[in-house]
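Chemist: You'll find model.txt just under this line, and it carries compact mmCIF, C-alpha atoms.
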# COMPACT_ATOMS: atom_id res chain seq x y z
CA MET K 1 -231.26 11.33 -78.15
CA VAL K 2 -229.65 8.79 -80.47
CA VAL K 3 -232.81 8.53 -82.59
CA ALA K 4 -233.08 12.33 -82.81
CA GLN K 5 -229.47 12.61 -83.99
CA ILE K 6 -230.01 9.94 -86.63
CA VAL K 7 -233.22 11.61 -87.84
CA ASN K 8 -231.28 14.88 -88.16
CA ILE K 9 -228.91 13.07 -90.51
CA VAL K 10 -231.42 11.01 -92.50
CA LEU K 11 -234.16 13.59 -93.04
CA PRO K 12 -231.93 16.22 -94.69
CA VAL K 13 -230.53 13.56 -97.04
CA PHE K 14 -233.92 12.30 -98.17
CA GLY K 15 -235.32 15.81 -97.93
CA LEU K 16 -233.00 16.88 -100.73
CA ILE K 17 -234.26 13.94 -102.79
CA ALA K 18 -237.84 15.07 -102.10
CA ILE K 19 -237.03 18.64 -103.15
CA GLY K 20 -235.52 17.38 -106.39
CA TYR K 21 -238.62 15.28 -107.04
CA GLY K 22 -240.88 18.25 -106.26
CA VAL K 23 -238.98 20.50 -108.65
CA ALA K 24 -239.28 17.92 -111.42
CA TRP K 25 -242.96 17.25 -110.65
CA SER K 26 -243.82 20.97 -110.69
CA ARG K 27 -241.76 21.46 -113.88
CA LEU K 28 -239.98 24.34 -112.23
CA LEU K 29 -236.94 22.93 -114.00
CA ASP K 30 -237.13 21.00 -117.25
CA ARG K 31 -236.34 17.28 -117.21
CA THR K 32 -233.30 17.94 -119.38
CA VAL K 33 -231.86 20.05 -116.56
CA GLY K 34 -232.14 17.08 -114.21
CA GLU K 35 -230.44 14.83 -116.75
CA ALA K 36 -227.62 17.33 -117.24
CA LEU K 37 -227.22 17.71 -113.48
CA ALA K 38 -227.08 13.92 -113.07
CA ASP K 39 -224.41 13.78 -115.78
CA PHE K 40 -222.36 16.44 -113.98
CA VAL K 41 -222.62 14.57 -110.69
CA PHE K 42 -221.71 11.21 -112.22
CA VAL K 43 -218.97 12.42 -114.56
CA ILE K 44 -217.35 15.20 -112.52
CA ALA K 45 -218.42 15.75 -108.90
CA ILE K 46 -218.62 12.19 -107.52
CA PRO K 47 -215.39 11.05 -109.25
CA MET K 48 -213.65 14.09 -107.72
CA LEU K 49 -215.02 13.19 -104.29
CA ILE K 50 -213.85 9.59 -104.66
CA PHE K 51 -210.46 10.73 -105.96
CA ARG K 52 -210.00 13.00 -102.94
CA THR K 53 -211.05 10.26 -100.54
CA ILE K 54 -208.67 7.68 -102.02
CA ALA K 55 -205.80 10.15 -102.43
CA THR K 56 -205.94 11.56 -98.89
CA ALA K 57 -207.51 8.88 -96.66
CA ASP K 58 -205.58 6.99 -94.00
CA PHE K 59 -205.69 3.31 -95.00
CA SER K 60 -203.04 2.20 -92.50
CA GLY K 61 -203.96 -1.19 -91.08
CA ALA K 62 -207.04 -1.46 -93.30
CA GLU K 63 -208.00 -4.89 -94.58
CA PRO K 64 -210.47 -4.25 -97.42
CA TRP K 65 -211.58 -7.89 -97.67
CA ARG K 66 -213.17 -7.56 -94.23
CA ILE K 67 -215.80 -5.22 -95.63
CA TRP K 68 -215.95 -6.76 -99.11
CA LEU K 69 -216.68 -10.33 -98.02
CA PRO K 70 -219.75 -9.67 -95.81
CA TYR K 71 -221.21 -7.04 -98.11
CA PHE K 72 -220.84 -8.86 -101.42
CA ALA K 73 -221.75 -12.25 -99.96
CA ALA K 74 -225.05 -10.73 -98.82
CA LEU K 75 -225.45 -9.03 -102.21
CA ALA K 76 -225.08 -12.40 -103.99
CA VAL K 77 -227.68 -14.01 -101.72
CA MET K 78 -230.19 -11.17 -102.26
CA TRP K 79 -229.58 -11.27 -106.02
CA ALA K 80 -230.49 -14.96 -106.03
CA ILE K 81 -233.58 -14.35 -103.88
CA GLY K 82 -234.77 -11.49 -106.10
CA ASP K 83 -234.29 -13.62 -109.22
CA LEU K 84 -236.23 -16.53 -107.73
CA LEU K 85 -239.03 -14.28 -106.46
CA ILE K 86 -239.69 -12.80 -109.89
CA ARG K 87 -239.44 -16.07 -111.80
CA LYS K 88 -241.17 -18.45 -109.39
CA LEU K 89 -243.63 -16.29 -107.47
CA PHE K 90 -244.54 -13.78 -110.19
CA GLY K 91 -244.06 -16.10 -113.18
CA ARG K 92 -241.72 -13.92 -115.23
CA ASP K 93 -238.98 -15.00 -117.64
CA ALA K 94 -235.23 -15.26 -117.01
CA ARG K 95 -234.49 -11.73 -118.20
CA ALA K 96 -237.05 -10.25 -115.81
CA GLY K 97 -235.59 -12.49 -113.11
CA LEU K 98 -232.17 -10.95 -113.70
CA VAL K 99 -233.69 -7.47 -113.43
CA GLY K 100 -235.34 -8.56 -110.18
CA GLY K 101 -232.06 -9.88 -108.83
CA VAL K 102 -230.28 -6.60 -109.50
CA SER K 103 -233.21 -4.60 -108.10
CA ALA K 104 -233.15 -6.60 -104.86
CA SER K 105 -229.39 -6.31 -104.29
CA TYR K 106 -227.81 -3.32 -106.00
CA SER K 107 -227.72 -0.29 -103.70
CA ASN K 108 -227.58 3.30 -104.84
CA THR K 109 -224.21 3.69 -103.13
CA VAL K 110 -223.12 6.62 -105.30
CA LEU K 111 -226.03 9.08 -105.33
CA VAL K 112 -227.51 8.17 -101.91
CA GLY K 113 -224.96 6.06 -100.02
CA ILE K 114 -221.96 8.39 -100.25
CA PRO K 115 -223.80 11.56 -99.07
CA LEU K 116 -225.62 9.65 -96.33
CA ILE K 117 -222.55 7.89 -94.96
CA ILE K 118 -220.33 10.97 -95.06
CA ALA K 119 -223.01 12.92 -93.18
CA ALA K 120 -223.32 10.17 -90.57
CA TYR K 121 -219.76 8.89 -90.15
CA GLY K 122 -217.41 11.51 -91.58
CA ASN K 123 -214.00 10.69 -93.03
CA ASP K 124 -213.84 7.20 -91.55
CA GLY K 125 -217.12 6.41 -93.22
CA ALA K 126 -215.91 7.91 -96.50
CA VAL K 127 -212.98 5.48 -96.57
CA ALA K 128 -215.23 2.48 -95.99
CA ILE K 129 -217.83 3.45 -98.60
CA ALA K 130 -215.03 4.16 -101.10
CA LEU K 131 -213.81 0.59 -100.62
CA ILE K 132 -217.32 -0.72 -101.35
CA VAL K 133 -217.81 1.51 -104.40
CA ALA K 134 -214.42 0.38 -105.74
CA VAL K 135 -215.80 -3.14 -106.19
CA HIS K 136 -219.55 -2.46 -106.39
CA MET K 137 -219.87 -1.09 -109.89
CA PRO K 138 -217.24 -3.30 -111.61
CA SER K 139 -218.76 -6.42 -110.03
CA LEU K 140 -222.23 -5.46 -111.23
CA MET K 141 -220.97 -4.86 -114.76
CA VAL K 142 -219.14 -8.16 -114.97
CA ALA K 143 -221.85 -10.27 -113.31
CA SER K 144 -224.61 -8.66 -115.37
CA ALA K 145 -222.71 -9.16 -118.63
CA ILE K 146 -222.28 -12.86 -117.91
CA LEU K 147 -225.85 -13.39 -116.74
CA ILE K 148 -227.35 -11.38 -119.62
CA VAL K 149 -226.08 -13.96 -122.10
CA ARG K 150 -227.42 -16.81 -119.95
CA ALA K 151 -230.83 -15.16 -119.50
CA GLU K 152 -231.23 -14.42 -123.21
CA ARG K 153 -230.36 -18.01 -124.10
CA ARG K 154 -232.86 -19.36 -121.56
CA ASP K 155 -235.56 -17.13 -123.02
CA GLY K 156 -234.57 -18.00 -126.60
CA VAL K 157 -233.92 -14.41 -127.65
CA SER K 158 -230.14 -14.44 -128.16
CA GLU K 159 -229.05 -12.04 -130.87
CA PRO K 160 -226.49 -12.94 -133.56
CA GLY K 161 -223.08 -11.53 -132.74
CA GLY K 162 -223.79 -11.38 -129.03
CA GLY K 163 -221.15 -13.91 -128.09
CA ALA K 164 -218.78 -13.94 -125.17
CA ARG K 165 -216.08 -11.96 -127.01
CA VAL K 166 -218.46 -9.08 -127.71
CA ILE K 167 -219.69 -9.11 -124.11
CA VAL K 168 -216.15 -9.08 -122.71
CA ARG K 169 -215.15 -6.20 -125.00
CA THR K 170 -218.22 -4.20 -123.97
CA VAL K 171 -217.53 -4.73 -120.26
CA VAL K 172 -213.87 -3.74 -120.61
CA VAL K 173 -214.75 -0.57 -122.54
CA ASN K 174 -217.41 0.38 -119.99
CA LEU K 175 -215.00 -0.14 -117.10
CA VAL K 176 -212.08 1.83 -118.50
CA THR K 177 -214.32 4.74 -119.55
CA ASN K 178 -216.44 4.86 -116.39
CA PRO K 179 -215.77 8.20 -114.61
CA ILE K 180 -216.04 6.68 -111.13
CA ILE K 181 -213.53 3.94 -111.99
CA ILE K 182 -211.23 6.59 -113.45
CA GLY K 183 -211.51 8.62 -110.23
CA LEU K 184 -210.61 5.54 -108.18
CA VAL K 185 -207.62 4.67 -110.35
CA LEU K 186 -206.29 8.24 -110.39
CA GLY K 187 -206.67 8.44 -106.61
CA LEU K 188 -204.65 5.24 -106.22
CA LEU K 189 -201.96 6.53 -108.59
CA TRP K 190 -201.79 9.80 -106.65
CA ARG K 191 -201.14 7.79 -103.47
CA LEU K 192 -198.57 5.53 -105.09
CA ILE K 193 -196.61 8.45 -106.54
CA ASP K 194 -196.97 10.19 -103.17
CA LEU K 195 -197.83 13.58 -104.62
CA PRO K 196 -198.74 16.34 -102.15
CA TYR K 197 -202.43 17.19 -101.99
CA GLU K 198 -202.20 20.96 -101.70
CA GLY K 199 -202.24 24.23 -103.57
CA LEU K 200 -204.41 25.05 -106.58
CA PRO K 201 -205.12 21.43 -107.61
CA ALA K 202 -206.42 20.62 -104.12
CA THR K 203 -208.56 23.78 -104.06
CA LEU K 204 -210.17 23.01 -107.43
CA ILE K 205 -210.81 19.37 -106.54
CA ASN K 206 -212.24 20.35 -103.15
CA ARG K 207 -214.63 22.87 -104.71
CA LEU K 208 -216.04 20.22 -107.03
CA ALA K 209 -216.03 17.41 -104.47
CA ASP K 210 -217.78 19.52 -101.83
CA VAL K 211 -220.90 19.99 -103.98
CA ALA K 212 -221.12 16.31 -104.94
CA ALA K 213 -223.31 15.14 -102.04
CA THR K 214 -225.95 17.88 -102.30
CA LEU K 215 -226.21 17.80 -106.08
CA ALA K 216 -226.25 13.99 -106.17
CA LEU K 217 -229.28 13.87 -103.88
CA PHE K 218 -231.10 16.63 -105.77
CA ALA K 219 -230.39 14.93 -109.11
CA MET K 220 -231.60 11.63 -107.68
CA GLY K 221 -234.89 13.26 -106.73
CA MET K 222 -235.38 14.69 -110.20
CA SER K 223 -234.64 11.33 -111.78
CA LEU K 224 -237.31 9.62 -109.65
CA ARG K 225 -239.95 11.65 -111.48
CA LYS K 226 -238.88 9.88 -114.67
CA TYR K 227 -239.09 6.40 -113.15
CA GLY K 228 -242.32 6.83 -111.21
CA MET K 229 -244.79 4.05 -110.34
CA ARG K 230 -246.12 1.70 -112.97
CA ARG K 231 -247.90 -1.68 -113.15
CA ASN K 232 -246.90 -4.81 -111.22
CA ILE K 233 -246.54 -2.90 -107.97
CA PRO K 234 -246.64 -6.04 -105.72
CA ALA K 235 -243.40 -7.29 -107.29
CA GLY K 236 -241.77 -3.92 -106.62
CA ILE K 237 -242.89 -4.05 -103.00
CA ALA K 238 -241.53 -7.59 -102.58
CA LEU K 239 -238.15 -6.64 -104.03
CA SER K 240 -238.03 -3.51 -101.86
CA VAL K 241 -238.55 -5.62 -98.74
CA VAL K 242 -235.64 -7.84 -99.77
CA LYS K 243 -233.49 -4.79 -100.50
CA LEU K 244 -234.29 -2.67 -97.45
CA ILE K 245 -234.84 -5.31 -94.75
CA LEU K 246 -233.24 -8.63 -95.65
CA MET K 247 -230.01 -7.39 -97.23
CA PRO K 248 -228.86 -5.04 -94.42
CA GLY K 249 -229.88 -7.67 -91.88
CA LEU K 250 -227.73 -10.31 -93.56
CA VAL K 251 -224.79 -7.90 -93.89
CA LEU K 252 -225.05 -7.15 -90.16
CA LEU K 253 -225.16 -10.87 -89.36
CA PHE K 254 -222.07 -11.58 -91.49
CA ALA K 255 -220.19 -8.53 -90.19
CA ARG K 256 -220.74 -9.36 -86.52
CA TYR K 257 -220.48 -13.13 -86.49
CA VAL K 258 -218.59 -14.27 -89.60
CA VAL K 259 -216.03 -11.62 -90.59
CA PRO K 260 -215.53 -9.13 -87.74
CA MET K 261 -214.53 -5.62 -88.78
CA PRO K 262 -214.06 -2.19 -87.18
CA PRO K 263 -217.34 -0.80 -85.74
CA VAL K 264 -217.56 2.10 -88.20
CA TRP K 265 -217.09 -0.33 -91.09
CA VAL K 266 -219.97 -2.44 -89.79
CA LYS K 267 -222.17 0.67 -89.75
CA VAL K 268 -221.13 1.71 -93.25
CA ALA K 269 -221.66 -1.77 -94.70
CA VAL K 270 -225.13 -2.06 -93.19
CA VAL K 271 -226.22 1.46 -94.18
CA ALA K 272 -224.88 0.94 -97.71
CA ALA K 273 -226.91 -2.28 -97.92
CA ALA K 274 -229.97 -0.42 -96.60
CA CYS K 275 -229.81 2.22 -99.35
CA PRO K 276 -232.56 2.10 -101.98
CA THR K 277 -232.17 0.32 -105.30
CA GLY K 278 -229.76 1.97 -107.72
CA VAL K 279 -230.77 3.28 -111.14
CA ASN K 280 -228.58 0.65 -112.81
CA ALA K 281 -231.47 -1.78 -112.34
CA TYR K 282 -233.56 0.33 -114.73
CA LEU K 283 -230.67 0.64 -117.19
CA LEU K 284 -230.37 -3.15 -117.24
CA ALA K 285 -234.13 -3.49 -117.80
CA SER K 286 -233.91 -1.02 -120.68
CA ARG K 287 -231.13 -3.14 -122.18
CA PHE K 288 -233.46 -6.16 -122.11
CA ARG K 289 -236.56 -4.16 -123.08
CA THR K 290 -238.36 -6.09 -120.37
CA GLY K 291 -238.85 -5.49 -116.66
CA GLU K 292 -238.74 -1.69 -116.93
CA ALA K 293 -241.84 -1.34 -114.74
CA LEU K 294 -240.40 -3.83 -112.27
CA ALA K 295 -237.15 -1.88 -111.90
CA SER K 296 -238.91 1.49 -111.93
CA ASN K 297 -241.31 0.46 -109.16
CA THR K 298 -238.52 -0.96 -107.01
CA ILE K 299 -236.42 2.20 -107.36
CA SER K 300 -239.35 4.45 -106.44
CA ILE K 301 -240.78 2.29 -103.65
CA SER K 302 -237.42 1.52 -102.06
CA THR K 303 -236.41 5.19 -102.14
CA ALA K 304 -239.69 6.25 -100.52
CA PHE K 305 -239.46 3.67 -97.72
CA ALA K 306 -235.71 4.02 -97.22
CA VAL K 307 -236.34 7.12 -95.11
CA ALA K 308 -237.85 4.87 -92.44
CA THR K 309 -235.72 1.78 -92.93
CA VAL K 310 -232.38 3.61 -92.97
CA THR K 311 -233.40 5.38 -89.76
CA LEU K 312 -234.32 1.99 -88.28
CA TRP K 313 -231.03 0.35 -89.21
CA MET K 314 -228.93 3.29 -88.03
CA THR K 315 -230.79 3.17 -84.71
CA VAL K 316 -230.18 -0.57 -84.37
CA LEU K 317 -226.49 -0.05 -85.12
CA GLU K 318 -226.18 2.56 -82.35
CA TRP K 319 -227.91 0.28 -79.83
CA LEU K 320 -225.63 -2.70 -80.54
Show the structure stored in the file as structure tokens.

Modeler:
Amino acid sequence: MVVAQIVNIVLPVFGLIAIGYGVAWSRLLDRTVGEALADFVFVIAIPMLIFRTIATADFSGAEPWRIWLPYFAALAVMWAIGDLLIRKLFGRDARAGLVGGVSASYSNTVLVGIPLIIAAYGNDGAVAIALIVAVHMPSLMVASAILIVRAERRDGVSEPGGGARVIVRTVVVNLVTNPIIIGLVLGLLWRLIDLPYEGLPATLINRLADVAATLALFAMGMSLRKYGMRRNIPAGIALSVVKLILMPGLVLLFARYVVPMPPVWVKVAVVAAACPTGVNAYLLASRFRTGEALASNTISISTAFAVATVTLWMTVLEWL
């Protein structure tokens, strides 16, 4: 019964991704439609969903560090493993190693994680995943910016004018203009001012937030057609194993035996870790102009196999 219930949650989520991919593959909708839809989800719908969650959720007694520490400690370990795998086992340079590290550790918490966790765990799950997202993207931006400089210097391809000051300015601009960060900040301000969440503003926000999950999954499917499968598939498979098996396992170990947390938070942290690789890995590879195939393969392979691995991890969580 438990497995059947989980399958009824997981299959519709990844089914929407498959439909989006099928629409893009069949060219029923042009690729530009998928890109516009992804922009709408990222700029409008998901930020509205996060705003609503932060503005209305019950955080009484919550200790955010209890979910941050296990999750991001495991993320750091997987990042290091992915980097080492690509550099030592597959003989790539430092920039490709950085792409591998991100591919092995950075979950698609926005387009896949949020819809999946809300479907499985409701409002309590929404609060927990919002806490992860609040740190997830900023931490990736900051860590990547620092490590980009280091990787370029190790590979001897540093560009003039690419010093620390330029990197810091770029990171700050990206953070303050990121729609998801803006949604988080506005949600926090709404709570601090203690404004009522009702009337026309609430209705408009709800209408936009309610379509976020479905459209995010569909847009994710359409975007997969762009990434596809390329060369160096073994490296993509290796990184996918780290992402889908090792990372959620380590999060579960930390959450149960190192930093105990509420049961629903444990489930959310593990499922978030079990989500496929996020598209930011490909964006980072494009920035380097190296490792695009590596990131593309990992995104596609991890998304395809996440149907099974997410079901597995959710089943394990229910049996514990």

Chemist: When you look at K:Asp210 with a cut-off of 10 Å (counting all atoms listed in the file), what residues show up, excluding the ones that are within fewer than 6 positions of it in the same chain? I need them as a list in words.

Modeler: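 Listing them by chain and then by number gives Ala45, Ile46, Met48 and Leu49 of chain K.
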
Chemist: Set the distance at 9 Å and use only C-alpha atoms: which residues neighbour K:Ser144 once local chain neighbours fewer than 5 positions away are removed? I'd like the list as a list in words.

Modeler: Leu98, Val102, Ser139, Val149 and Leu284 of chain K

Chemist: If you take all atoms listed in the file and a cut-off of 8 Å, which residues of stretch 35-82 of chain K touch stretch 257-266 of chain K, and what are their nearest atom pairs and distances in Å to one decimal, in chain and number order, as JSON lines?

Modeler:
{"residue": "K:Arg66", "atom": "CA", "partner": "K:Met261", "partner_atom": "CA", "distance": 5.9}
{"residue": "K:Ile67", "atom": "CA", "partner": "K:Trp265", "partner_atom": "CA", "distance": 6.8}
{"residue": "K:Leu69", "atom": "CA", "partner": "K:Val259", "partner_atom": "CA", "distance": 7.6}
{"residue": "K:Pro70", "atom": "CA", "partner": "K:Val259", "partner_atom": "CA", "distance": 6.7}

Chemist: Output the selection as an mmCIF file, in the frame of the given file - C-alpha atoms for each residue.

Modeler:
data_model
loop_
_atom_site.group_PDB
_atom_site.id
_atom_site.type_symbol
_atom_site.label_atom_id
_atom_site.label_comp_id
_atom_site.auth_asym_id
_atom_site.auth_seq_id
_atom_site.Cartn_x
_atom_site.Cartn_y
_atom_site.Cartn_z
ATOM 1 C CA ARG K 66 -213.170 -7.560 -94.230
ATOM 2 C CA ILE K 67 -215.800 -5.220 -95.630
ATOM 3 C CA LEU K 69 -216.680 -10.330 -98.020
ATOM 4 C CA PRO K 70 -219.750 -9.670 -95.810
#

Chemist: Could you work out how far atom CA of K:Leu252 lies from atom CA of K:Gly236, giving the answer in Å with one decimal?

Modeler: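 We find that atom CA of K:Gly236 and atom CA of K:Leu252 lie 23.7 Å from each other.
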
Chemist: Show which residues sit within 12 Å of stretch 194-198 of chain K, as a PyMOL selection string. Count all atoms listed in the file, and ignore same-chain residues fewer than 3 positions away.

Modeler: chain K and resi 51-57+186-191+201-206

Chemist: Neighbours of K:Val135 within 10 Å (only C-alpha atoms; same-chain residues fewer than 4 positions away dropped), as a PDB file with C-alpha atoms, in the frame of the given file?

Modeler:
ATOM      1  CA  TRP K  68    -215.950  -6.760 -99.110  1.00  0.00           C
ATOM      2  CA  PHE K  72    -220.840  -8.860-101.420  1.00  0.00           C
ATOM      3  CA  ALA K 130    -215.030   4.160-101.100  1.00  0.00           C
ATOM      4  CA  LEU K 131    -213.810   0.590-100.620  1.00  0.00           C
ATOM      5  CA  SER K 139    -218.760  -6.420-110.030  1.00  0.00           C
ATOM      6  CA  LEU K 140    -222.230  -5.460-111.230  1.00  0.00           C
ATOM      7  CA  ILE K 181    -213.530   3.940-111.990  1.00  0.00           C
TER       8      ILE K 181
END

Chemist: For K:Ala295, which residue among K:Arg225, K:Lys88, K:Leu29, K:Ile233 is the nearest when counting all atoms listed in the file?

Modeler: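 That would be K:Ile233, the residue with the smallest distance to K:Ala295.
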
Chemist: Give me the residues near stretch 111-127 of chain K as a PyMOL selection string, where near means some atom within 9 Å (using all atoms listed in the file) and where sequence neighbours in that chain fewer than 4 positions away do not count.

Modeler: chain K and resi 6+9-10+13-14+17+41-42+46+50+53-54+57-59+107+131-132+212-217+219-220+264-265+267-268+271-276+278

Chemist: Please dump the current selection as a PDB file, in the frame of the given file; keep C-alpha atoms.

Modeler:
ATOM      1  CA  ILE K   6    -230.010   9.940 -86.630  1.00  0.00           C
ATOM      2  CA  ILE K   9    -228.910  13.070 -90.510  1.00  0.00           C
ATOM      3  CA  VAL K  10    -231.420  11.010 -92.500  1.00  0.00           C
ATOM      4  CA  VAL K  13    -230.530  13.560 -97.040  1.00  0.00           C
ATOM      5  CA  PHE K  14    -233.920  12.300 -98.170  1.00  0.00           C
ATOM      6  CA  ILE K  17    -234.260  13.940-102.790  1.00  0.00           C
ATOM      7  CA  VAL K  41    -222.620  14.570-110.690  1.00  0.00           C
ATOM      8  CA  PHE K  42    -221.710  11.210-112.220  1.00  0.00           C
ATOM      9  CA  ILE K  46    -218.620  12.190-107.520  1.00  0.00           C
ATOM     10  CA  ILE K  50    -213.850   9.590-104.660  1.00  0.00           C
ATOM     11  CA  THR K  53    -211.050  10.260-100.540  1.00  0.00           C
ATOM     12  CA  ILE K  54    -208.670   7.680-102.020  1.00  0.00           C
ATOM     13  CA  ALA K  57    -207.510   8.880 -96.660  1.00  0.00           C
ATOM     14  CA  ASP K  58    -205.580   6.990 -94.000  1.00  0.00           C
ATOM     15  CA  PHE K  59    -205.690   3.310 -95.000  1.00  0.00           C
ATOM     16  CA  SER K 107    -227.720  -0.290-103.700  1.00  0.00           C
ATOM     17  CA  LEU K 131    -213.810   0.590-100.620  1.00  0.00           C
ATOM     18  CA  ILE K 132    -217.320  -0.720-101.350  1.00  0.00           C
ATOM     19  CA  ALA K 212    -221.120  16.310-104.940  1.00  0.00           C
ATOM     20  CA  ALA K 213    -223.310  15.140-102.040  1.00  0.00           C
ATOM     21  CA  THR K 214    -225.950  17.880-102.300  1.00  0.00           C
ATOM     22  CA  LEU K 215    -226.210  17.800-106.080  1.00  0.00           C
ATOM     23  CA  ALA K 216    -226.250  13.990-106.170  1.00  0.00           C
ATOM     24  CA  LEU K 217    -229.280  13.870-103.880  1.00  0.00           C
ATOM     25  CA  ALA K 219    -230.390  14.930-109.110  1.00  0.00           C
ATOM     26  CA  MET K 220    -231.600  11.630-107.680  1.00  0.00           C
ATOM     27  CA  VAL K 264    -217.560   2.100 -88.200  1.00  0.00           C
ATOM     28  CA  TRP K 265    -217.090  -0.330 -91.090  1.00  0.00           C
ATOM     29  CA  LYS K 267    -222.170   0.670 -89.750  1.00  0.00           C
ATOM     30  CA  VAL K 268    -221.130   1.710 -93.250  1.00  0.00           C
ATOM     31  CA  VAL K 271    -226.220   1.460 -94.180  1.00  0.00           C
ATOM     32  CA  ALA K 272    -224.880   0.940 -97.710  1.00  0.00           C
ATOM     33  CA  ALA K 273    -226.910  -2.280 -97.920  1.00  0.00           C
ATOM     34  CA  ALA K 274    -229.970  -0.420 -96.600  1.00  0.00           C
ATOM     35  CA  CYS K 275    -229.810   2.220 -99.350  1.00  0.00           C
ATOM     36  CA  PRO K 276    -232.560   2.100-101.980  1.00  0.00           C
ATOM     37  CA  GLY K 278    -229.760   1.970-107.720  1.00  0.00           C
TER      38      GLY K 278
END

Chemist: Would you mind reading off the distance between atom CA of K:Ile19 and atom CA of K:Asn232, one decimal, in Å?

Modeler: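 Atom CA of K:Asn232 lies 26.7 Å from atom CA of K:Ile19.
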
Chemist: Please return, as a list in words, all polymer residues that have at least one atom within 12 Å of the point (-232.2, 9.8, -86.2); use all atoms listed in the file and the file's own coordinate frame.

Modeler: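 Result, sorted by chain then residue number: Met1, Val2, Val3, Ala4, Gln5, Ile6, Val7, Asn8, Ile9, Val10, Leu11, Pro12, Val13, Ala119, Ala120, Val307, Ala308, Thr309, Val310, Thr311, Leu312, Trp313, Met314, Thr315, Val316, Leu317 and Glu318 of chain K.
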
Chemist: Between atom CA of K:Phe218 and atom CA of K:Leu16, what distance in Å does the model show, to one decimal?

Modeler: 5.4 Å

Chemist: Between K:Ala36, K:Ala96, K:Ala24, K:Val270, which has the minimum distance to K:Lys243 (counting all atoms listed in the file)?

Modeler: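 When distances to K:Lys243 are compared using all atoms listed in the file, the smallest one comes from K:Val270.
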
Chemist: For each of K:Ala134, K:Ala238, K:Ala145, K:Leu75, take the minimum atom-to-atom distance to K:Phe254, counting all atoms listed in the file, then give the residue where this is smallest.

Modeler: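 Closest to K:Phe254, using all atoms listed in the file: K:Leu75.
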
Chemist: Let me make sure I understand: among K:Ser26, K:Asn297, K:Thr109, K:Asn280, which one has the smallest atom-to-atom distance to K:Leu239 if we use only C-alpha atoms?

Modeler: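 Going through K:Ser26, K:Asn297, K:Thr109, K:Asn280 one by one, the smallest distance to K:Leu239 is for K:Asn297.
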
Chemist: Which is closer to K:Ser300 than all the others in K:Met141, K:Leu246, K:Ala18, K:Ala62, using all atoms listed in the file?

Modeler: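 Ranked by minimum distance to K:Ser300, first place goes to K:Ala18.
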